[in-house]
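K.L.:
Okay, so here is structure-v6.txt, and as you'll see once you scroll down, it has compact mmCIF, N, CA and C atoms.
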# COMPACT_ATOMS: atom_id res chain seq x y z
N MET A 738 35.62 8.42 -35.77
CA MET A 738 35.97 8.40 -34.37
C MET A 738 34.97 9.14 -33.49
N THR A 739 34.21 10.05 -34.05
CA THR A 739 33.26 10.79 -33.23
C THR A 739 32.02 9.96 -32.92
N ARG A 740 31.84 8.86 -33.61
CA ARG A 740 30.67 8.01 -33.35
C ARG A 740 30.87 7.12 -32.13
N ALA A 741 32.09 6.84 -31.76
CA ALA A 741 32.36 5.93 -30.65
C ALA A 741 31.76 6.43 -29.33
N PRO A 742 31.94 7.70 -28.96
CA PRO A 742 31.32 8.16 -27.70
C PRO A 742 29.80 8.12 -27.75
N VAL A 743 29.22 8.40 -28.92
CA VAL A 743 27.77 8.38 -29.04
C VAL A 743 27.24 6.95 -28.91
N LEU A 744 27.91 6.01 -29.56
CA LEU A 744 27.50 4.61 -29.47
C LEU A 744 27.66 4.08 -28.04
N PHE A 745 28.76 4.46 -27.41
CA PHE A 745 28.97 4.03 -26.03
C PHE A 745 27.87 4.57 -25.12
N ALA A 746 27.51 5.83 -25.29
CA ALA A 746 26.46 6.44 -24.47
C ALA A 746 25.12 5.75 -24.70
N ALA A 747 24.81 5.43 -25.95
CA ALA A 747 23.55 4.76 -26.26
C ALA A 747 23.51 3.36 -25.64
N HIS A 748 24.61 2.62 -25.77
CA HIS A 748 24.66 1.28 -25.18
C HIS A 748 24.58 1.34 -23.65
N PHE A 749 25.23 2.33 -23.07
CA PHE A 749 25.19 2.49 -21.62
C PHE A 749 23.76 2.79 -21.14
N ALA A 750 23.06 3.65 -21.87
CA ALA A 750 21.69 4.00 -21.50
C ALA A 750 20.77 2.79 -21.59
N VAL A 751 20.90 1.99 -22.64
CA VAL A 751 20.08 0.79 -22.79
C VAL A 751 20.40 -0.21 -21.68
N ALA A 752 21.68 -0.36 -21.35
CA ALA A 752 22.07 -1.29 -20.29
C ALA A 752 21.50 -0.85 -18.95
N CYS A 753 21.52 0.44 -18.67
CA CYS A 753 20.96 0.95 -17.41
C CYS A 753 19.46 0.70 -17.34
N LEU A 754 18.76 0.85 -18.43
CA LEU A 754 17.32 0.59 -18.45
C LEU A 754 17.02 -0.89 -18.22
N LEU A 755 17.81 -1.76 -18.83
CA LEU A 755 17.58 -3.19 -18.69
C LEU A 755 17.87 -3.69 -17.28
N VAL A 756 18.82 -3.08 -16.60
CA VAL A 756 19.15 -3.50 -15.25
C VAL A 756 17.97 -3.26 -14.32
N GLY A 757 17.24 -2.20 -14.52
CA GLY A 757 16.12 -1.88 -13.65
C GLY A 757 14.80 -2.52 -14.04
N CYS A 758 14.78 -3.38 -15.04
CA CYS A 758 13.53 -3.97 -15.51
C CYS A 758 12.88 -4.89 -14.48
N ASP A 759 13.66 -5.60 -13.69
CA ASP A 759 13.07 -6.54 -12.75
C ASP A 759 12.70 -5.90 -11.42
N ARG A 760 12.99 -4.64 -11.24
CA ARG A 760 12.67 -3.94 -10.00
C ARG A 760 11.34 -3.22 -10.14
N PRO A 761 10.54 -3.20 -9.07
CA PRO A 761 9.29 -2.44 -9.16
C PRO A 761 9.58 -0.95 -9.19
N GLN A 762 8.81 -0.24 -9.96
CA GLN A 762 8.98 1.19 -10.06
C GLN A 762 8.59 1.85 -8.74
N ALA A 763 9.23 2.96 -8.42
CA ALA A 763 8.94 3.68 -7.18
C ALA A 763 7.62 4.43 -7.36
N LEU A 764 6.54 3.76 -7.08
CA LEU A 764 5.21 4.34 -7.23
C LEU A 764 4.78 4.99 -5.93
N SER A 765 4.02 6.05 -6.04
CA SER A 765 3.49 6.71 -4.85
C SER A 765 2.36 5.85 -4.27
N VAL A 766 2.02 6.15 -3.03
CA VAL A 766 0.92 5.45 -2.37
C VAL A 766 -0.37 5.69 -3.13
N ASP A 767 -0.58 6.92 -3.60
CA ASP A 767 -1.80 7.23 -4.35
C ASP A 767 -1.87 6.43 -5.65
N ALA A 768 -0.74 6.31 -6.34
CA ALA A 768 -0.73 5.55 -7.59
C ALA A 768 -1.00 4.07 -7.33
N LEU A 769 -0.44 3.54 -6.25
CA LEU A 769 -0.70 2.14 -5.92
C LEU A 769 -2.16 1.92 -5.54
N ALA A 770 -2.74 2.84 -4.79
CA ALA A 770 -4.13 2.70 -4.35
C ALA A 770 -5.11 2.85 -5.49
N ALA A 771 -4.72 3.50 -6.57
CA ALA A 771 -5.64 3.75 -7.68
C ALA A 771 -5.90 2.51 -8.53
N ASP A 772 -5.00 1.54 -8.51
CA ASP A 772 -5.13 0.35 -9.36
C ASP A 772 -5.30 -0.90 -8.48
N PRO A 773 -6.54 -1.35 -8.24
CA PRO A 773 -6.76 -2.46 -7.31
C PRO A 773 -6.15 -3.78 -7.77
N VAL A 774 -6.13 -4.05 -9.06
CA VAL A 774 -5.58 -5.32 -9.55
C VAL A 774 -4.08 -5.37 -9.26
N ARG A 775 -3.39 -4.30 -9.59
CA ARG A 775 -1.95 -4.24 -9.35
C ARG A 775 -1.66 -4.26 -7.85
N LEU A 776 -2.46 -3.54 -7.08
CA LEU A 776 -2.26 -3.46 -5.64
C LEU A 776 -2.35 -4.84 -5.00
N HIS A 777 -3.37 -5.61 -5.35
CA HIS A 777 -3.55 -6.93 -4.75
C HIS A 777 -2.49 -7.92 -5.24
N ARG A 778 -2.03 -7.74 -6.46
CA ARG A 778 -0.94 -8.58 -6.96
C ARG A 778 0.35 -8.29 -6.18
N LEU A 779 0.62 -6.99 -5.93
CA LEU A 779 1.81 -6.61 -5.17
C LEU A 779 1.70 -7.05 -3.70
N LEU A 780 0.50 -7.00 -3.14
CA LEU A 780 0.31 -7.49 -1.77
C LEU A 780 0.65 -8.98 -1.66
N ALA A 781 0.21 -9.75 -2.64
CA ALA A 781 0.51 -11.18 -2.65
C ALA A 781 2.02 -11.41 -2.79
N GLN A 782 2.67 -10.62 -3.63
CA GLN A 782 4.12 -10.75 -3.80
C GLN A 782 4.86 -10.38 -2.51
N CYS A 783 4.37 -9.37 -1.82
CA CYS A 783 4.99 -8.98 -0.54
C CYS A 783 4.82 -10.07 0.50
N ARG A 784 3.66 -10.71 0.52
CA ARG A 784 3.44 -11.80 1.48
C ARG A 784 4.37 -12.98 1.22
N ARG A 785 4.74 -13.16 -0.05
CA ARG A 785 5.68 -14.23 -0.42
C ARG A 785 7.13 -13.80 -0.23
N GLY A 786 7.37 -12.55 0.13
CA GLY A 786 8.73 -12.07 0.37
C GLY A 786 9.50 -11.69 -0.88
N GLU A 787 8.81 -11.34 -1.94
CA GLU A 787 9.46 -11.02 -3.20
C GLU A 787 9.96 -9.57 -3.29
N HIS A 788 9.59 -8.72 -2.33
CA HIS A 788 9.99 -7.31 -2.35
C HIS A 788 10.59 -6.93 -1.01
N ASP A 789 11.31 -5.81 -1.00
CA ASP A 789 11.94 -5.37 0.25
C ASP A 789 10.90 -4.73 1.18
N ALA A 790 11.29 -4.53 2.42
CA ALA A 790 10.37 -4.06 3.46
C ALA A 790 9.85 -2.66 3.18
N ALA A 791 10.68 -1.79 2.65
CA ALA A 791 10.25 -0.40 2.39
C ALA A 791 9.15 -0.37 1.33
N PHE A 792 9.33 -1.14 0.27
CA PHE A 792 8.32 -1.18 -0.78
C PHE A 792 7.02 -1.80 -0.26
N CYS A 793 7.13 -2.88 0.51
CA CYS A 793 5.94 -3.54 1.04
C CYS A 793 5.20 -2.66 2.03
N ALA A 794 5.94 -1.82 2.77
CA ALA A 794 5.27 -0.88 3.68
C ALA A 794 4.44 0.13 2.89
N ARG A 795 4.96 0.57 1.74
CA ARG A 795 4.22 1.50 0.88
C ARG A 795 2.99 0.81 0.29
N VAL A 796 3.12 -0.45 -0.08
CA VAL A 796 1.99 -1.22 -0.61
C VAL A 796 0.92 -1.40 0.47
N ASP A 797 1.33 -1.71 1.70
CA ASP A 797 0.38 -1.85 2.80
C ASP A 797 -0.34 -0.53 3.08
N GLN A 798 0.41 0.56 3.02
CA GLN A 798 -0.20 1.88 3.24
C GLN A 798 -1.22 2.19 2.15
N ALA A 799 -0.91 1.83 0.91
CA ALA A 799 -1.84 2.05 -0.19
C ALA A 799 -3.10 1.19 -0.03
N ASP A 800 -2.92 -0.03 0.45
CA ASP A 800 -4.07 -0.93 0.68
C ASP A 800 -4.98 -0.34 1.75
N LEU A 801 -4.39 0.15 2.83
CA LEU A 801 -5.19 0.75 3.89
C LEU A 801 -5.89 2.01 3.40
N GLN A 802 -5.18 2.82 2.61
CA GLN A 802 -5.78 4.05 2.07
C GLN A 802 -6.96 3.72 1.16
N ARG A 803 -6.81 2.70 0.33
CA ARG A 803 -7.90 2.32 -0.57
C ARG A 803 -9.11 1.83 0.23
N PHE A 804 -8.87 1.03 1.24
CA PHE A 804 -9.95 0.49 2.07
C PHE A 804 -10.67 1.61 2.81
N MET A 805 -9.92 2.51 3.45
CA MET A 805 -10.52 3.55 4.27
C MET A 805 -11.18 4.65 3.44
N SER A 806 -10.76 4.82 2.20
CA SER A 806 -11.32 5.89 1.36
C SER A 806 -12.71 5.54 0.83
N GLY A 807 -13.07 4.28 0.87
CA GLY A 807 -14.37 3.86 0.34
C GLY A 807 -14.35 3.62 -1.16
N LYS A 808 -13.18 3.65 -1.78
CA LYS A 808 -13.08 3.43 -3.22
C LYS A 808 -13.03 1.95 -3.58
N ALA A 809 -12.90 1.10 -2.59
CA ALA A 809 -12.83 -0.33 -2.84
C ALA A 809 -14.19 -0.84 -3.29
N GLY A 810 -14.19 -1.76 -4.21
CA GLY A 810 -15.43 -2.35 -4.69
C GLY A 810 -16.01 -3.31 -3.68
N ALA A 811 -17.26 -3.67 -3.88
CA ALA A 811 -17.96 -4.56 -2.94
C ALA A 811 -17.33 -5.95 -2.90
N ASP A 812 -16.72 -6.39 -3.98
CA ASP A 812 -16.13 -7.73 -4.02
C ASP A 812 -14.62 -7.72 -3.84
N GLU A 813 -14.07 -6.57 -3.48
CA GLU A 813 -12.61 -6.46 -3.38
C GLU A 813 -12.04 -7.15 -2.13
N TYR A 814 -12.73 -7.04 -1.03
CA TYR A 814 -12.30 -7.67 0.22
C TYR A 814 -13.36 -8.69 0.62
N ARG A 815 -13.11 -9.96 0.32
CA ARG A 815 -14.12 -10.99 0.55
C ARG A 815 -13.90 -11.77 1.84
N THR A 816 -12.67 -11.85 2.32
CA THR A 816 -12.40 -12.58 3.55
C THR A 816 -11.64 -11.68 4.51
N LEU A 817 -11.58 -12.08 5.76
CA LEU A 817 -10.86 -11.29 6.76
C LEU A 817 -9.37 -11.21 6.44
N ASP A 818 -8.81 -12.24 5.82
CA ASP A 818 -7.39 -12.22 5.46
C ASP A 818 -7.07 -11.18 4.40
N GLU A 819 -8.05 -10.79 3.61
CA GLU A 819 -7.83 -9.81 2.55
C GLU A 819 -7.90 -8.37 3.07
N LEU A 820 -8.40 -8.17 4.28
CA LEU A 820 -8.50 -6.82 4.83
C LEU A 820 -7.13 -6.28 5.17
N PRO A 821 -6.94 -4.96 5.10
CA PRO A 821 -5.66 -4.38 5.48
C PRO A 821 -5.33 -4.71 6.94
N ALA A 822 -4.05 -4.85 7.23
CA ALA A 822 -3.62 -5.28 8.55
C ALA A 822 -3.73 -4.18 9.60
N ASP A 823 -3.63 -2.93 9.21
CA ASP A 823 -3.57 -1.83 10.18
C ASP A 823 -4.84 -1.01 10.23
N ILE A 824 -5.98 -1.64 10.26
CA ILE A 824 -7.23 -0.90 10.35
C ILE A 824 -7.33 -0.32 11.76
N PRO A 825 -7.47 1.00 11.86
CA PRO A 825 -7.58 1.59 13.19
C PRO A 825 -8.93 1.27 13.82
N PRO A 826 -9.01 1.33 15.15
CA PRO A 826 -10.31 1.07 15.80
C PRO A 826 -11.31 2.15 15.41
N SER A 827 -12.58 1.81 15.45
CA SER A 827 -13.60 2.76 15.01
C SER A 827 -13.86 3.84 16.05
N PHE A 828 -13.47 3.61 17.30
CA PHE A 828 -13.61 4.63 18.33
C PHE A 828 -12.57 4.39 19.41
N ASP A 829 -12.29 5.40 20.18
CA ASP A 829 -11.29 5.30 21.24
C ASP A 829 -11.90 4.97 22.59
N GLY A 830 -13.19 4.97 22.70
CA GLY A 830 -13.83 4.72 23.97
C GLY A 830 -14.15 6.04 24.66
N PRO A 831 -14.77 5.97 25.80
CA PRO A 831 -15.14 7.21 26.49
C PRO A 831 -13.91 7.95 26.98
N SER A 832 -13.99 9.24 26.95
CA SER A 832 -12.89 10.06 27.44
C SER A 832 -13.06 10.30 28.93
N ARG A 833 -12.03 10.76 29.58
CA ARG A 833 -12.07 11.00 31.03
C ARG A 833 -13.04 12.12 31.39
N GLY A 834 -13.18 13.10 30.49
CA GLY A 834 -14.04 14.24 30.78
C GLY A 834 -15.48 14.04 30.35
N ALA A 835 -15.89 12.80 30.18
CA ALA A 835 -17.26 12.53 29.73
C ALA A 835 -18.26 12.90 30.82
N ASP A 836 -19.49 13.08 30.40
CA ASP A 836 -20.55 13.43 31.33
C ASP A 836 -20.68 12.35 32.41
N SER A 837 -20.51 12.73 33.67
CA SER A 837 -20.51 11.76 34.75
C SER A 837 -21.91 11.40 35.23
N SER A 838 -22.94 12.03 34.65
CA SER A 838 -24.29 11.73 35.10
C SER A 838 -24.77 10.38 34.56
N VAL A 839 -24.12 9.89 33.55
CA VAL A 839 -24.48 8.59 32.99
C VAL A 839 -23.58 7.56 33.61
N SER A 840 -24.17 6.58 34.28
CA SER A 840 -23.35 5.55 34.90
C SER A 840 -23.60 4.24 34.18
N VAL A 841 -22.54 3.51 33.99
CA VAL A 841 -22.64 2.22 33.33
C VAL A 841 -23.12 1.20 34.34
N GLY A 842 -24.09 0.45 34.00
CA GLY A 842 -24.59 -0.60 34.86
C GLY A 842 -25.63 -0.13 35.88
N ALA A 843 -26.02 1.11 35.83
CA ALA A 843 -27.05 1.62 36.75
C ALA A 843 -28.40 1.11 36.30
N ARG A 844 -29.21 0.71 37.25
CA ARG A 844 -30.54 0.22 36.91
C ARG A 844 -31.58 1.26 37.29
N PRO A 845 -32.63 1.35 36.51
CA PRO A 845 -33.69 2.33 36.80
C PRO A 845 -34.50 1.97 38.01
Starting from the file, give its structure as structure tokens.
P.N.:
Amino acid sequence: MTRAPVLFAAHFAVACLLVGCDRPQALSVDALAADPVRLHRLLAQCRRGEHDAAFCARVDQADLQRFMSGKAGADEYRTLDELPADIPPSFDGPSRGADSSVSVGARP
């Protein structure tokens, strides 16, 4: 009779593990950015709607982090569609307190 609780606990643990097999593991942004093959596979799955919005947001953040860090390979982003969606602008433009001695459009 003492084996019944142990067997039940073992079966319950295996059942809990099997239930989570089809779900993506909660990976950090750093872990996602470290593996380009997995990252691009997950990006494609997110575009097809196979994952929830929270997970896809983390995948997008990892893609942007990989792109901006310079760790991406030369052949990793071949078309504009493959680039991360949220690339920030490279500059904000002139500030209000800029040197006023330089005028735009002034001719010598």
K.L.:
State, in Å with one decimal place, the distance from atom CA of A:Ala768 to atom CA of A:Asp812.
P.N.:
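Straight-line distance from atom CA of A:Ala768 to atom CA of A:Asp812 works out to 20.6 Å.
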K.L.:
Residues within 12 Å of A:Ala771, please, as a ChimeraX atom specification. Count only C-alpha atoms; anything in the same chain fewer than 4 positions from it doesn't count.
P.N.:
/A:764-767,775-777,796,799-804,806-810
K.L.:
Excluding A:Leu779 and residues on its chain fewer than 5 positions from it, collect all residues at most 8 Å away from it, counting all atoms listed in the file, and give them as an NGL selection string.
P.N.:
:A and (773-774 or 784-785 or 793 or 796-797)
K.L.:
Selection from above, N, CA and C atoms, as a compact mmCIF listing (two decimals), keeping the file's coordinate frame, can you write it?
P.N.:
# COMPACT_ATOMS: atom_id res chain seq x y z
N PRO A 773 -6.54 -1.35 -8.24
CA PRO A 773 -6.76 -2.46 -7.31
C PRO A 773 -6.15 -3.78 -7.77
N VAL A 774 -6.13 -4.05 -9.06
CA VAL A 774 -5.58 -5.32 -9.55
C VAL A 774 -4.08 -5.37 -9.26
N ARG A 784 3.66 -10.71 0.52
CA ARG A 784 3.44 -11.80 1.48
C ARG A 784 4.37 -12.98 1.22
N ARG A 785 4.74 -13.16 -0.05
CA ARG A 785 5.68 -14.23 -0.42
C ARG A 785 7.13 -13.80 -0.23
N CYS A 793 7.13 -2.88 0.51
CA CYS A 793 5.94 -3.54 1.04
C CYS A 793 5.20 -2.66 2.03
N VAL A 796 3.12 -0.45 -0.08
CA VAL A 796 1.99 -1.22 -0.61
C VAL A 796 0.92 -1.40 0.47
N ASP A 797 1.33 -1.71 1.70
CA ASP A 797 0.38 -1.85 2.80
C ASP A 797 -0.34 -0.53 3.08
K.L.:
Determine the nearest neighbour of A:Pro826 from the options A:Gln798, A:Asp789, A:Ala811, A:Met805, counting only C-alpha atoms.
P.N.:
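Using only C-alpha atoms, A:Pro826 sits closest to A:Met805.
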K.L.:
Can you tell me how far atom N of A:Arg795 sits from atom C of A:Ser827, in Å to one decimal?
P.N.:
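Taking atom N of A:Arg795 and atom C of A:Ser827, their separation equals 23.9 Å.
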K.L.:
Among stretch 762-819 of chain A, which residues does DSSP mark as alpha helix (DSSP H) when it is run on the backbone? Keep the chain and numbering as in the structure and answer as a PyMOL selection string.
P.N.:
chain A and resi 766-771+773-784+790-806
K.L.:
Rounded to one decimal place, report the atom CA of A:Phe792-atom CA of A:Glu819 distance in Å.
P.N.:
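Pair atom CA of A:Phe792 / atom CA of A:Glu819 returns 18.6 Å.
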K.L.:
Which residue gives the smallest distance to A:Asp772 among A:Asp823, A:Glu787, A:Glu813, A:Asp818, with only C-alpha atoms counted?
P.N.:
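That would be A:Glu813, the residue with the smallest distance to A:Asp772.
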